[in-house]
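File shown: structure14.cif (mmCIF, C-alpha atoms).
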```cif
data_structure
#
loop_
_atom_site.label_atom_id
_atom_site.label_comp_id
_atom_site.auth_asym_id
_atom_site.auth_seq_id
_atom_site.Cartn_x
_atom_site.Cartn_y
_atom_site.Cartn_z
CA MET A 7 82.63 10.65 -14.56
CA THR A 8 79.14 10.66 -16.00
CA THR A 9 78.01 12.92 -18.78
CA PRO A 10 75.45 15.58 -17.77
CA ALA A 11 72.03 14.66 -19.15
CA HIS A 12 71.73 17.89 -21.10
CA ALA A 13 74.95 19.95 -21.20
CA PHE A 14 73.48 21.76 -24.21
CA HIS A 15 69.95 22.78 -25.07
CA LEU A 16 68.36 23.48 -28.43
CA ALA A 17 67.29 27.05 -29.15
CA GLN A 18 64.79 27.81 -31.89
CA LEU A 19 63.51 30.95 -33.52
CA ASN A 20 60.73 31.20 -36.03
CA VAL A 21 59.32 34.32 -37.57
CA ALA A 22 55.99 34.85 -39.29
CA THR A 23 54.86 37.80 -41.38
CA LEU A 24 51.24 38.71 -40.70
CA LEU A 25 48.81 38.97 -43.61
CA HIS A 26 46.77 41.52 -41.65
CA PRO A 27 47.34 43.72 -38.59
CA PHE A 28 47.42 41.75 -35.35
CA ASP A 29 44.12 43.27 -34.15
CA ASP A 30 42.33 42.49 -37.44
CA PRO A 31 39.38 40.07 -36.99
CA ARG A 32 40.93 37.77 -39.62
CA ILE A 33 43.84 37.13 -37.22
CA ALA A 34 41.52 36.51 -34.24
CA PRO A 35 41.43 32.69 -34.66
CA PHE A 36 45.24 32.64 -34.36
CA VAL A 37 45.17 34.91 -31.31
CA GLU A 38 42.58 32.62 -29.67
CA LEU A 39 44.97 29.67 -30.08
CA LEU A 40 47.96 31.41 -28.47
CA ASP A 41 47.17 30.71 -24.81
CA PRO A 42 46.31 27.02 -25.26
CA VAL A 43 49.34 26.37 -27.47
CA ASN A 44 51.73 28.27 -25.19
CA SER A 45 50.34 26.47 -22.14
CA ALA A 46 50.85 23.14 -23.90
CA ALA A 47 54.44 24.11 -24.71
CA ASP A 48 55.10 25.10 -21.10
CA GLU A 49 53.90 21.67 -19.95
CA THR A 50 55.68 19.61 -22.62
CA PRO A 51 58.49 17.34 -21.37
CA GLY A 52 61.79 18.86 -22.47
CA PHE A 53 60.53 22.45 -22.62
CA VAL A 54 62.97 24.89 -20.97
CA TRP A 55 61.97 28.48 -21.77
CA ARG A 56 60.15 30.77 -24.21
CA LEU A 57 60.37 34.46 -24.89
CA VAL A 58 57.54 36.61 -23.57
CA GLY A 59 57.06 40.35 -23.62
CA GLU A 60 57.44 42.16 -20.32
CA GLY A 61 54.21 41.69 -18.37
CA GLU A 62 52.73 39.64 -21.23
CA ALA A 63 51.81 35.98 -21.69
CA ASP A 64 53.56 35.68 -25.06
CA ALA A 65 55.95 37.47 -27.42
CA THR A 66 53.46 38.68 -30.04
CA GLY A 67 53.78 42.29 -28.87
CA LEU A 68 57.51 42.27 -29.57
CA ARG A 69 58.37 43.26 -33.13
CA PRO A 70 62.18 43.12 -33.44
CA ALA A 71 62.02 41.90 -37.05
CA GLY A 72 59.48 44.42 -38.35
CA GLU A 73 56.05 45.76 -37.46
CA ASP A 74 54.25 42.98 -39.35
CA VAL A 75 56.54 40.13 -38.16
CA ILE A 76 55.94 38.14 -35.00
CA VAL A 77 58.68 36.05 -33.40
CA ASN A 78 58.71 32.84 -31.42
CA LEU A 79 61.91 32.07 -29.52
CA SER A 80 62.24 29.09 -27.21
CA VAL A 81 64.73 26.64 -25.69
CA TRP A 82 64.30 22.87 -25.41
CA GLU A 83 66.31 20.12 -23.74
CA THR A 84 66.54 18.11 -26.95
CA GLN A 85 65.70 18.28 -30.61
CA GLU A 86 63.27 15.39 -30.10
CA ALA A 87 61.34 17.35 -27.44
CA LEU A 88 60.91 20.30 -29.79
CA TRP A 89 59.95 18.01 -32.70
CA ASP A 90 57.35 16.22 -30.57
CA PHE A 91 55.77 19.50 -29.53
CA ALA A 92 55.85 21.03 -33.02
CA TYR A 93 54.60 18.01 -34.94
CA ARG A 94 52.89 15.67 -32.47
CA SER A 95 50.72 18.02 -30.41
CA GLY A 96 47.95 20.58 -30.83
CA HIS A 97 50.60 22.91 -32.24
CA LEU A 98 50.37 21.00 -35.50
CA GLU A 99 46.84 22.31 -36.08
CA VAL A 100 48.12 25.88 -35.87
CA MET A 101 50.83 25.05 -38.40
CA ARG A 102 48.26 23.55 -40.76
CA ARG A 103 46.28 26.79 -40.68
CA ARG A 104 49.25 29.19 -40.93
CA ARG A 105 48.40 30.27 -44.50
CA GLU A 106 45.20 31.87 -43.14
CA TRP A 107 47.26 34.30 -41.04
CA PHE A 108 50.82 34.50 -42.38
CA GLU A 109 52.59 35.17 -45.66
CA ARG A 110 54.36 32.29 -47.37
CA HIS A 111 58.09 32.62 -46.71
CA VAL A 112 60.49 32.64 -49.63
CA GLU A 113 63.53 32.38 -47.36
CA ALA A 114 64.27 30.56 -44.13
CA HIS A 115 61.86 31.50 -41.35
CA MET A 116 63.02 29.04 -38.69
CA VAL A 117 66.47 28.35 -37.27
CA LEU A 118 67.84 25.97 -34.66
CA TRP A 119 71.14 26.13 -32.76
CA TRP A 120 72.68 24.64 -29.62
CA VAL A 121 73.29 26.73 -26.50
CA PRO A 122 74.97 25.77 -23.22
CA ALA A 123 72.37 24.62 -20.70
CA GLY A 124 71.23 27.63 -18.69
CA HIS A 125 71.86 30.14 -21.49
CA LEU A 126 68.78 32.04 -22.61
CA PRO A 127 69.34 33.47 -26.08
CA THR A 128 68.55 37.08 -26.82
CA VAL A 129 66.37 38.15 -29.71
CA ASP A 130 69.41 39.75 -31.35
CA GLU A 131 71.34 36.47 -31.06
CA ALA A 132 68.40 34.57 -32.53
CA LEU A 133 67.96 36.98 -35.44
CA GLU A 134 71.71 36.78 -36.14
CA ARG A 135 71.44 32.97 -36.34
CA LEU A 136 68.53 33.26 -38.76
CA SER A 137 70.52 35.73 -40.84
CA ASP A 138 73.47 33.31 -40.84
CA LEU A 139 71.23 30.48 -42.05
CA ARG A 140 69.76 32.66 -44.79
CA ALA A 141 73.18 33.87 -45.96
CA HIS A 142 75.22 30.66 -45.71
CA GLY A 143 72.78 27.77 -45.51
CA PRO A 144 72.73 25.14 -42.76
CA SER A 145 75.82 24.81 -40.61
CA PRO A 146 76.59 23.78 -37.03
CA ARG A 147 75.89 27.46 -36.08
CA ALA A 148 72.44 27.66 -37.64
CA PHE A 149 70.43 24.74 -38.97
CA THR A 150 66.95 23.28 -39.46
CA PHE A 151 65.22 20.01 -38.66
CA ALA A 152 66.00 18.84 -42.19
CA SER A 153 69.69 19.65 -41.86
CA SER A 154 70.43 19.21 -38.18
CA TYR A 155 73.64 18.88 -36.20
CA THR A 156 74.22 17.32 -32.81
CA ALA A 157 75.37 19.44 -29.89
CA ALA A 158 78.79 17.80 -30.15
CA GLU A 159 79.07 18.74 -33.84
CA ALA A 160 77.94 22.30 -33.20
CA ALA A 161 79.90 23.12 -30.04
CA PRO A 162 83.23 24.93 -30.25
CA PRO A 163 86.03 22.61 -29.05
CA HIS A 164 86.33 24.38 -25.68
CA GLU A 165 82.58 23.91 -25.09
CA ALA A 166 82.20 20.37 -26.42
CA PRO A 167 79.95 18.24 -24.27
CA PRO A 168 81.83 15.66 -22.20
CA HIS A 169 82.19 12.36 -24.01
CA GLU A 170 81.99 9.09 -22.16
CA ALA A 171 84.02 6.39 -23.87
CA THR A 172 82.17 3.36 -25.20
CA PRO A 173 83.53 -0.01 -24.02
CA HIS A 174 85.21 -0.42 -27.44
CA GLU A 175 86.85 3.02 -27.20
CA ALA A 176 87.96 2.34 -23.63
CA LEU A 177 89.55 -0.93 -24.71
CA ARG A 178 91.43 0.83 -27.54
CA ALA A 179 92.68 3.53 -25.18
CA LYS A 180 94.35 1.06 -22.76
CA PRO A 181 98.04 0.26 -23.07
CA ALA A 182 98.63 -2.81 -25.26
CA ASP A 183 99.30 -5.27 -22.42
CA GLU A 184 96.13 -4.16 -20.54
CA ALA A 185 94.07 -4.36 -23.73
CA GLU A 186 95.28 -7.91 -24.42
CA ALA A 187 94.52 -8.96 -20.84
CA ALA A 188 91.04 -7.42 -21.02
CA ALA A 189 90.33 -9.19 -24.31
CA VAL A 190 91.02 -12.65 -22.80
#
```
Structure re-expressed in structure tokens:
Amino acid sequence: MTTPAHAFHLAQLNVATLLHPFDDPRIAPFVELLDPVNSAADETPGFVWRLVGEGEADATGLRPAGEDVIVNLSVWETQEALWDFAYRSGHLEVMRRRREWFERHVEAHMVLWWVPAGHLPTVDEALERLSDLRAHGPSPRAFTFASSYTAAEAAPPHEAPPHEATPHEALRAKPADEAEAAAV
């Protein structure tokens, strides 16, 4: 049996507290970058899904964490795919300029967690994971790039991704007489 390529996907939530109302001209440069950055995300290898408001192109109109807080919630095939988009694409320029538009966070503002492939997290689920990270620090349930966990480490035992034995593990698992014969 072969292991599915991506039995689990990486979900991410980040929140940002606006320095000014969203329609303020000082926020306009950020707003102008939304479509190009979101389009780039949609086309990035490993991208799965991102939250958008009903009938909208993005999630900036949703305010589940407060009137001055915008949320970004997305799902990626792998941690590497998300990292490449966040830090090796045009998205990095937005991050470099974030202090122009958003307050400096004193607590965690981004959280990662593994979800079964095909599961689209809800905003409530995402905010609960962020709350867990803030209250308890990094864990397999809620972590960051700096303190990450693999899908296998994070999955409950009944949801653990299938594991294909390495040749060494397969050799160890054979009965003694088979293992000796295979070693010759």
Please write the residues picked by the PyMOL selection byres ((chain A and resi 50-63) around 10) on this file as a count of residues only. 39
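Pairwise distance (CA of Ala71 in chain A, CA of Met116 in chain A) equals 13.0 Å.
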Result set of the PyMOL selection byres ((chain A and resi 21) around 6) on the coordinates above, as an mmCIF file with C-alpha atoms, in the coordinates of the input:
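Output file result05.cif is given in full below:
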```
data_model
loop_
_atom_site.group_PDB
_atom_site.id
_atom_site.type_symbol
_atom_site.label_atom_id
_atom_site.label_comp_id
_atom_site.auth_asym_id
_atom_site.auth_seq_id
_atom_site.Cartn_x
_atom_site.Cartn_y
_atom_site.Cartn_z
ATOM 1 C CA ASN A 20 60.730 31.200 -36.030
ATOM 2 C CA ALA A 22 55.990 34.850 -39.290
ATOM 3 C CA ILE A 76 55.940 38.140 -35.000
ATOM 4 C CA VAL A 77 58.680 36.050 -33.400
ATOM 5 C CA HIS A 115 61.860 31.500 -41.350
#
```
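In this structure, CA of Glu73 in chain A sits 27.0 Å away from CA of Arg147 in chain A.
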Expected selection from the PyMOL selection byres ((chain A and resi 144) around 12), given as a PyMOL selection string: chain A and resi 114+116-119+135-143+145-155+160
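You will find CA of Val121 in chain A at 27.0 Å from CA of Pro42 in chain A.
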Given the choices A:Glu113, A:Glu99, A:Asp74, A:Asp29, which gets closest to Val43 in chain A if the distance is worked out from only C-alpha atoms? A:Glu99
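Using only C-alpha atoms, the smallest distance between any of A:Leu25, A:Leu39, A:Ala13, A:Ala158 and Gly96 in chain A comes from A:Leu39.
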Completed range 71-86 of chain A (N, CA, C and O atoms) as a short mmCIF file (atom, residue, chain, number, x, y, z; two decimals), in the coordinates of the input:
```cif
data_model
loop_
_atom_site.label_atom_id
_atom_site.label_comp_id
_atom_site.auth_asym_id
_atom_site.auth_seq_id
_atom_site.Cartn_x
_atom_site.Cartn_y
_atom_site.Cartn_z
N ALA A 71 61.71 42.20 -35.64
CA ALA A 71 62.02 41.90 -37.05
C ALA A 71 61.14 42.68 -38.01
O ALA A 71 61.14 42.41 -39.21
N GLY A 72 60.36 43.62 -37.50
CA GLY A 72 59.48 44.42 -38.35
C GLY A 72 58.09 44.48 -37.75
O GLY A 72 57.67 43.57 -37.02
N GLU A 73 57.38 45.54 -38.05
CA GLU A 73 56.05 45.76 -37.46
C GLU A 73 55.05 44.66 -37.80
O GLU A 73 54.16 44.37 -37.02
N ASP A 74 55.19 44.02 -38.94
CA ASP A 74 54.25 42.98 -39.35
C ASP A 74 54.80 41.56 -39.12
O ASP A 74 54.21 40.59 -39.58
N VAL A 75 55.91 41.44 -38.38
CA VAL A 75 56.54 40.13 -38.16
C VAL A 75 56.48 39.78 -36.68
O VAL A 75 56.93 40.55 -35.82
N ILE A 76 55.92 38.61 -36.38
CA ILE A 76 55.94 38.14 -35.00
C ILE A 76 57.04 37.09 -34.87
O ILE A 76 57.42 36.43 -35.85
N VAL A 77 57.58 36.98 -33.66
CA VAL A 77 58.68 36.05 -33.40
C VAL A 77 58.28 35.05 -32.33
O VAL A 77 57.49 35.36 -31.44
N ASN A 78 58.85 33.88 -32.44
CA ASN A 78 58.71 32.84 -31.42
C ASN A 78 60.12 32.34 -31.15
O ASN A 78 60.78 31.84 -32.06
N LEU A 79 60.58 32.48 -29.93
CA LEU A 79 61.91 32.07 -29.52
C LEU A 79 61.78 31.20 -28.29
O LEU A 79 61.13 31.59 -27.31
N SER A 80 62.35 29.99 -28.35
CA SER A 80 62.24 29.09 -27.21
C SER A 80 63.49 28.22 -27.11
O SER A 80 64.31 28.16 -28.03
N VAL A 81 63.61 27.54 -25.96
CA VAL A 81 64.73 26.64 -25.69
C VAL A 81 64.15 25.31 -25.21
O VAL A 81 63.21 25.29 -24.42
N TRP A 82 64.75 24.22 -25.70
CA TRP A 82 64.30 22.87 -25.41
C TRP A 82 65.48 22.01 -25.00
O TRP A 82 66.61 22.24 -25.44
N GLU A 83 65.23 21.00 -24.17
CA GLU A 83 66.31 20.12 -23.74
C GLU A 83 66.92 19.34 -24.90
O GLU A 83 68.12 19.13 -24.94
N THR A 84 66.07 18.93 -25.83
CA THR A 84 66.54 18.11 -26.95
C THR A 84 65.80 18.47 -28.22
O THR A 84 64.71 19.07 -28.18
N GLN A 85 66.36 18.08 -29.32
CA GLN A 85 65.70 18.28 -30.61
C GLN A 85 64.42 17.45 -30.67
O GLN A 85 63.41 17.89 -31.21
N GLU A 86 64.45 16.26 -30.09
CA GLU A 86 63.27 15.39 -30.10
C GLU A 86 62.11 16.02 -29.34
O GLU A 86 60.96 15.91 -29.75
#
```
